[in-house]
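Data block for model-v5.txt (compact mmCIF, N, CA and C atoms):
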# COMPACT_ATOMS: atom_id res chain seq x y z
N MET K 228 48.61 117.08 189.35
CA MET K 228 49.15 116.12 188.43
C MET K 228 49.94 116.81 187.32
N SER K 229 49.43 117.95 186.86
CA SER K 229 50.12 118.65 185.78
C SER K 229 51.47 119.19 186.24
N SER K 230 51.57 119.51 187.54
CA SER K 230 52.86 119.99 188.05
C SER K 230 53.91 118.87 187.97
N TYR K 231 53.47 117.63 188.24
CA TYR K 231 54.40 116.50 188.11
C TYR K 231 54.82 116.32 186.65
N LEU K 232 53.89 116.47 185.74
CA LEU K 232 54.19 116.34 184.31
C LEU K 232 55.12 117.46 183.86
N ALA K 233 54.90 118.67 184.31
CA ALA K 233 55.77 119.80 183.97
C ALA K 233 57.17 119.59 184.53
N GLN K 234 57.24 119.08 185.77
CA GLN K 234 58.53 118.80 186.40
C GLN K 234 59.25 117.69 185.63
N GLU K 235 58.50 116.66 185.21
CA GLU K 235 59.07 115.55 184.44
C GLU K 235 59.65 116.06 183.11
N VAL K 236 58.92 116.92 182.43
CA VAL K 236 59.39 117.49 181.16
C VAL K 236 60.64 118.34 181.39
N HIS K 237 60.61 119.14 182.44
CA HIS K 237 61.77 119.97 182.79
C HIS K 237 62.99 119.11 183.06
N LEU K 238 62.82 118.04 183.84
CA LEU K 238 63.94 117.15 184.16
C LEU K 238 64.45 116.43 182.90
N ALA K 239 63.56 116.04 182.02
CA ALA K 239 63.96 115.38 180.78
C ALA K 239 64.80 116.34 179.92
N ARG K 240 64.38 117.62 179.82
CA ARG K 240 65.15 118.61 179.07
C ARG K 240 66.52 118.85 179.71
N ARG K 241 66.51 118.95 181.01
CA ARG K 241 67.78 119.15 181.74
C ARG K 241 68.71 117.96 181.51
N HIS K 242 68.14 116.78 181.52
CA HIS K 242 68.91 115.56 181.27
C HIS K 242 69.53 115.59 179.88
N GLU K 243 68.80 116.00 178.90
CA GLU K 243 69.30 116.12 177.53
C GLU K 243 70.42 117.16 177.43
N GLU K 244 70.25 118.28 178.15
CA GLU K 244 71.29 119.32 178.17
C GLU K 244 72.59 118.76 178.77
N ILE K 245 72.43 118.05 179.87
CA ILE K 245 73.59 117.48 180.54
C ILE K 245 74.29 116.47 179.63
N LEU K 246 73.50 115.62 178.96
CA LEU K 246 74.09 114.64 178.04
C LEU K 246 74.82 115.33 176.88
N SER K 247 74.25 116.41 176.35
CA SER K 247 74.91 117.12 175.24
C SER K 247 76.20 117.80 175.73
N GLN K 248 76.18 118.36 176.95
CA GLN K 248 77.37 118.97 177.53
C GLN K 248 78.45 117.91 177.74
N ARG K 249 78.02 116.74 178.22
CA ARG K 249 78.94 115.63 178.45
C ARG K 249 79.58 115.20 177.13
N SER K 250 78.77 115.09 176.10
CA SER K 250 79.28 114.70 174.79
C SER K 250 80.29 115.71 174.27
N ALA K 251 79.98 116.99 174.44
CA ALA K 251 80.89 118.05 173.99
C ALA K 251 82.20 117.99 174.77
N LEU K 252 82.12 117.79 176.08
CA LEU K 252 83.33 117.71 176.90
C LEU K 252 84.16 116.48 176.55
N LEU K 253 83.52 115.34 176.29
CA LEU K 253 84.26 114.15 175.88
C LEU K 253 84.98 114.38 174.55
N GLN K 254 84.32 115.05 173.64
CA GLN K 254 84.94 115.37 172.35
C GLN K 254 86.14 116.28 172.54
N GLN K 255 85.98 117.29 173.40
CA GLN K 255 87.10 118.19 173.69
C GLN K 255 88.26 117.44 174.32
N MET K 256 87.95 116.53 175.25
CA MET K 256 88.99 115.75 175.91
C MET K 256 89.73 114.87 174.91
N GLU K 257 88.99 114.22 174.01
CA GLU K 257 89.63 113.38 172.99
C GLU K 257 90.54 114.21 172.09
N THR K 258 90.09 115.38 171.70
CA THR K 258 90.89 116.27 170.87
C THR K 258 92.14 116.71 171.61
N TYR K 259 91.96 117.08 172.88
CA TYR K 259 93.10 117.51 173.70
C TYR K 259 94.12 116.40 173.84
N LEU K 260 93.65 115.19 174.16
CA LEU K 260 94.57 114.08 174.34
C LEU K 260 95.26 113.71 173.03
N GLY K 261 94.55 113.79 171.93
CA GLY K 261 95.16 113.54 170.63
C GLY K 261 96.24 114.55 170.31
N ASP K 262 95.95 115.83 170.58
CA ASP K 262 96.93 116.89 170.37
C ASP K 262 98.15 116.69 171.27
N LYS K 263 97.88 116.30 172.51
CA LYS K 263 98.96 116.08 173.48
C LYS K 263 99.85 114.93 173.02
N LYS K 264 99.23 113.85 172.53
CA LYS K 264 99.99 112.71 172.05
C LYS K 264 100.83 113.09 170.83
N THR K 265 100.23 113.87 169.92
CA THR K 265 100.95 114.33 168.73
C THR K 265 102.13 115.22 169.14
N LYS K 266 101.90 116.11 170.10
CA LYS K 266 102.96 117.00 170.57
C LYS K 266 104.09 116.20 171.21
N LYS K 267 103.73 115.20 172.01
CA LYS K 267 104.74 114.38 172.66
C LYS K 267 105.55 113.61 171.62
N THR K 268 104.90 113.09 170.60
CA THR K 268 105.60 112.38 169.53
C THR K 268 106.56 113.31 168.82
N TRP K 269 106.08 114.52 168.52
CA TRP K 269 106.92 115.50 167.85
C TRP K 269 108.12 115.87 168.71
N GLN K 270 107.89 116.08 170.01
CA GLN K 270 108.99 116.43 170.92
C GLN K 270 110.00 115.30 171.02
N THR K 271 109.53 114.07 171.05
CA THR K 271 110.42 112.92 171.11
C THR K 271 111.28 112.84 169.86
N GLN K 272 110.66 113.05 168.71
CA GLN K 272 111.40 113.03 167.46
C GLN K 272 112.42 114.16 167.40
N ALA K 273 112.02 115.34 167.86
CA ALA K 273 112.94 116.48 167.87
C ALA K 273 114.10 116.24 168.82
N ALA K 274 113.82 115.64 169.98
CA ALA K 274 114.88 115.35 170.95
C ALA K 274 115.85 114.31 170.39
N ASP K 275 115.32 113.29 169.73
CA ASP K 275 116.19 112.27 169.12
C ASP K 275 117.06 112.89 168.04
N ALA K 276 116.48 113.74 167.21
CA ALA K 276 117.25 114.40 166.15
C ALA K 276 118.34 115.29 166.76
N ALA K 277 118.00 116.01 167.82
CA ALA K 277 118.98 116.88 168.49
C ALA K 277 120.09 116.05 169.12
N ARG K 278 119.73 114.92 169.71
CA ARG K 278 120.73 114.04 170.32
C ARG K 278 121.70 113.52 169.26
N ARG K 279 121.15 113.09 168.11
CA ARG K 279 122.02 112.59 167.03
C ARG K 279 122.90 113.71 166.49
N ARG K 280 122.32 114.90 166.32
CA ARG K 280 123.09 116.05 165.83
C ARG K 280 124.21 116.41 166.80
N ASN K 281 123.90 116.45 168.10
CA ASN K 281 124.90 116.80 169.11
C ASN K 281 126.02 115.76 169.16
N ALA K 282 125.65 114.48 169.05
CA ALA K 282 126.66 113.43 169.07
C ALA K 282 127.58 113.57 167.86
N ALA K 283 127.00 113.86 166.70
CA ALA K 283 127.82 114.04 165.49
C ALA K 283 128.74 115.25 165.64
N LEU K 284 128.19 116.35 166.18
CA LEU K 284 129.02 117.54 166.38
C LEU K 284 130.15 117.29 167.37
N LEU K 285 129.83 116.63 168.46
CA LEU K 285 130.86 116.33 169.44
C LEU K 285 131.94 115.45 168.84
N ASN K 286 131.53 114.45 168.09
CA ASN K 286 132.49 113.56 167.45
C ASN K 286 133.38 114.36 166.49
N THR K 287 132.76 115.20 165.67
CA THR K 287 133.51 116.04 164.72
C THR K 287 134.45 116.98 165.47
N LEU K 288 133.93 117.63 166.52
CA LEU K 288 134.77 118.57 167.26
C LEU K 288 135.91 117.86 167.97
N TYR K 289 135.64 116.65 168.46
CA TYR K 289 136.69 115.88 169.14
C TYR K 289 137.83 115.60 168.16
N TRP K 290 137.48 115.08 167.00
CA TRP K 290 138.53 114.74 166.04
C TRP K 290 139.22 115.99 165.49
N ALA K 291 138.50 117.07 165.37
CA ALA K 291 139.12 118.33 164.94
C ALA K 291 140.13 118.80 165.98
N SER K 292 139.78 118.69 167.26
CA SER K 292 140.72 119.10 168.31
C SER K 292 141.92 118.16 168.37
N VAL K 293 141.69 116.88 168.11
CA VAL K 293 142.82 115.93 168.08
C VAL K 293 143.77 116.30 166.95
N LYS K 294 143.21 116.55 165.76
CA LYS K 294 144.05 116.92 164.62
C LYS K 294 144.80 118.23 164.88
N GLU K 295 144.14 119.15 165.57
CA GLU K 295 144.76 120.44 165.85
C GLU K 295 145.91 120.31 166.84
N SER K 296 145.76 119.47 167.85
CA SER K 296 146.79 119.37 168.88
C SER K 296 147.80 118.26 168.60
N LEU K 297 147.60 117.49 167.57
CA LEU K 297 148.50 116.38 167.26
C LEU K 297 149.95 116.80 167.08
N PRO K 298 150.25 117.87 166.34
CA PRO K 298 151.67 118.25 166.18
C PRO K 298 152.35 118.58 167.51
N ASN K 299 151.65 119.23 168.41
CA ASN K 299 152.24 119.55 169.73
C ASN K 299 152.52 118.29 170.52
N TRP K 300 151.59 117.33 170.47
CA TRP K 300 151.80 116.09 171.20
C TRP K 300 152.92 115.27 170.56
N GLU K 301 153.05 115.31 169.24
CA GLU K 301 154.14 114.58 168.60
C GLU K 301 155.48 115.10 169.07
N GLU K 302 155.60 116.43 169.15
CA GLU K 302 156.85 117.02 169.63
C GLU K 302 157.13 116.59 171.07
N PHE K 303 156.10 116.57 171.89
CA PHE K 303 156.27 116.16 173.29
C PHE K 303 156.67 114.69 173.38
N LEU K 304 155.99 113.84 172.63
CA LEU K 304 156.27 112.41 172.70
C LEU K 304 157.64 112.06 172.12
N LEU K 305 158.13 112.86 171.22
CA LEU K 305 159.48 112.66 170.69
C LEU K 305 160.54 113.27 171.60
N GLY K 306 160.13 113.94 172.66
CA GLY K 306 161.06 114.50 173.64
C GLY K 306 161.63 115.84 173.21
N ARG K 307 161.02 116.49 172.26
CA ARG K 307 161.54 117.76 171.76
C ARG K 307 160.87 118.97 172.40
N ALA K 308 159.79 118.78 173.14
CA ALA K 308 159.06 119.92 173.68
C ALA K 308 158.49 119.57 175.06
N GLU K 309 158.05 120.62 175.77
CA GLU K 309 157.41 120.45 177.07
C GLU K 309 155.99 119.92 176.89
N TYR K 310 155.28 119.77 178.00
CA TYR K 310 153.88 119.36 177.94
C TYR K 310 153.12 120.33 177.05
N PRO K 311 152.39 119.85 176.09
CA PRO K 311 151.73 120.75 175.15
C PRO K 311 150.56 121.53 175.74
N ILE K 312 149.97 121.07 176.81
CA ILE K 312 148.80 121.75 177.36
C ILE K 312 149.19 122.63 178.54
N GLY K 313 150.43 122.61 178.90
CA GLY K 313 150.87 123.45 180.00
C GLY K 313 150.61 122.84 181.36
N ILE K 314 150.62 121.52 181.44
CA ILE K 314 150.41 120.85 182.73
C ILE K 314 151.67 121.02 183.56
N LYS K 315 151.50 121.50 184.74
CA LYS K 315 152.64 121.67 185.63
C LYS K 315 152.76 120.45 186.52
N LYS K 316 153.98 120.05 186.76
CA LYS K 316 154.19 118.92 187.65
C LYS K 316 153.87 119.36 189.08
N LEU K 317 153.17 118.50 189.79
CA LEU K 317 152.82 118.79 191.17
C LEU K 317 154.01 118.45 192.04
N LYS K 318 154.50 119.45 192.75
CA LYS K 318 155.61 119.21 193.65
C LYS K 318 155.07 118.58 194.92
N THR K 319 155.60 117.44 195.25
CA THR K 319 155.14 116.74 196.43
C THR K 319 155.92 117.28 197.63
N THR K 320 155.19 117.91 198.51
CA THR K 320 155.80 118.43 199.73
C THR K 320 155.01 117.92 200.92
N LYS K 321 155.59 118.07 202.06
CA LYS K 321 154.93 117.61 203.26
C LYS K 321 153.68 118.45 203.55
N GLN K 322 153.61 119.66 203.02
CA GLN K 322 152.48 120.53 203.27
C GLN K 322 151.19 120.03 202.61
N ASN K 323 151.32 119.44 201.41
CA ASN K 323 150.09 119.02 200.73
C ASN K 323 149.84 117.52 200.84
N ILE K 324 150.62 116.83 201.66
CA ILE K 324 150.36 115.41 201.91
C ILE K 324 149.90 115.27 203.36
N SER K 325 148.81 114.58 203.55
CA SER K 325 148.28 114.38 204.89
C SER K 325 148.52 112.94 205.30
N TYR K 326 149.18 112.75 206.41
CA TYR K 326 149.41 111.41 206.92
C TYR K 326 148.44 111.13 208.05
N PRO K 327 147.72 110.01 207.98
CA PRO K 327 146.73 109.71 209.02
C PRO K 327 147.34 109.57 210.40
N GLU K 328 148.58 109.05 210.49
CA GLU K 328 149.20 108.87 211.80
C GLU K 328 149.45 110.21 212.47
N GLU K 329 149.94 111.20 211.69
CA GLU K 329 150.20 112.52 212.24
C GLU K 329 148.91 113.20 212.68
N ASP K 330 147.85 113.05 211.90
CA ASP K 330 146.58 113.66 212.25
C ASP K 330 146.03 113.11 213.54
N SER K 331 146.15 111.80 213.73
CA SER K 331 145.63 111.21 214.96
C SER K 331 146.46 111.61 216.16
N GLN K 332 147.78 111.80 215.97
CA GLN K 332 148.64 112.23 217.08
C GLN K 332 148.34 113.68 217.44
N LYS K 333 148.02 114.51 216.45
CA LYS K 333 147.68 115.91 216.74
C LYS K 333 146.40 116.01 217.55
N GLN K 334 145.47 115.11 217.28
CA GLN K 334 144.21 115.14 218.00
C GLN K 334 144.39 114.68 219.44
N ILE K 335 145.34 113.79 219.70
CA ILE K 335 145.58 113.29 221.06
C ILE K 335 146.21 114.39 221.91
N LEU K 336 147.14 115.16 221.31
CA LEU K 336 147.83 116.21 222.06
C LEU K 336 146.86 117.29 222.36
Taking this structure as input, can you express it in the form of structure tokens?
Amino acid sequence: MSSYLAQEVHLARRHEEILSQRSALLQQMETYLGDKKTKKTWQTQAADAARRRNAALLNTLYWASVKESLPNWEEFLLGRAEYPIGIKKLKTTKQNISYPEEDSQKQIL
């Protein structure tokens, strides 16, 4: 009978150990999830700030490039200068144009 009582006491102590371990793990999990949520919030805020900063920079750089190239385009639009960016006219030749009728005839031959 005493062996059953000793086993019962041992199991009760083991049960208490398991419950305390469970409580500690739950606390760790709550802390981890809270930290993870805080980190995600911080990352979202940082990404939003970076997105706004990049949009502002792009907008500023766009208008700066427009102001910089405006005199060249004015000369071009007034007919006083060539293309300001150096765009070359594409010469249309038979070599760079593909006609579907010719292609199908080549395949038949």
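Atom pair CA of Ser229 (chain K) / atom C of Ile245 (chain K): separated by 25.0 Å.
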Box for region 268-276 of chain K: with edges along x, y and z, all listed atoms inside and 4 Å added on each side, what are the centre and edge lengths in Å to one decimal, as lines of an AutoDock Vina configuration file?
center_x = 111.6
center_y = 114.4
center_z = 168.6
size_x = 21.4
size_y = 12.2
size_z = 13.0
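Our summary of the geometry notes that CA of Leu238 (chain K) is positioned 29.0 Å from atom N of Thr258 (chain K).
Here CA of Tyr310 (chain K) and CA of Val293 (chain K) stand 15.2 Å from one another.
If you measure from each of K:Gly261, K:Asn286, K:Pro311, K:Glu235 to Pro298 (chain K) using only C-alpha atoms, the closest one turns out to be K:Pro311.
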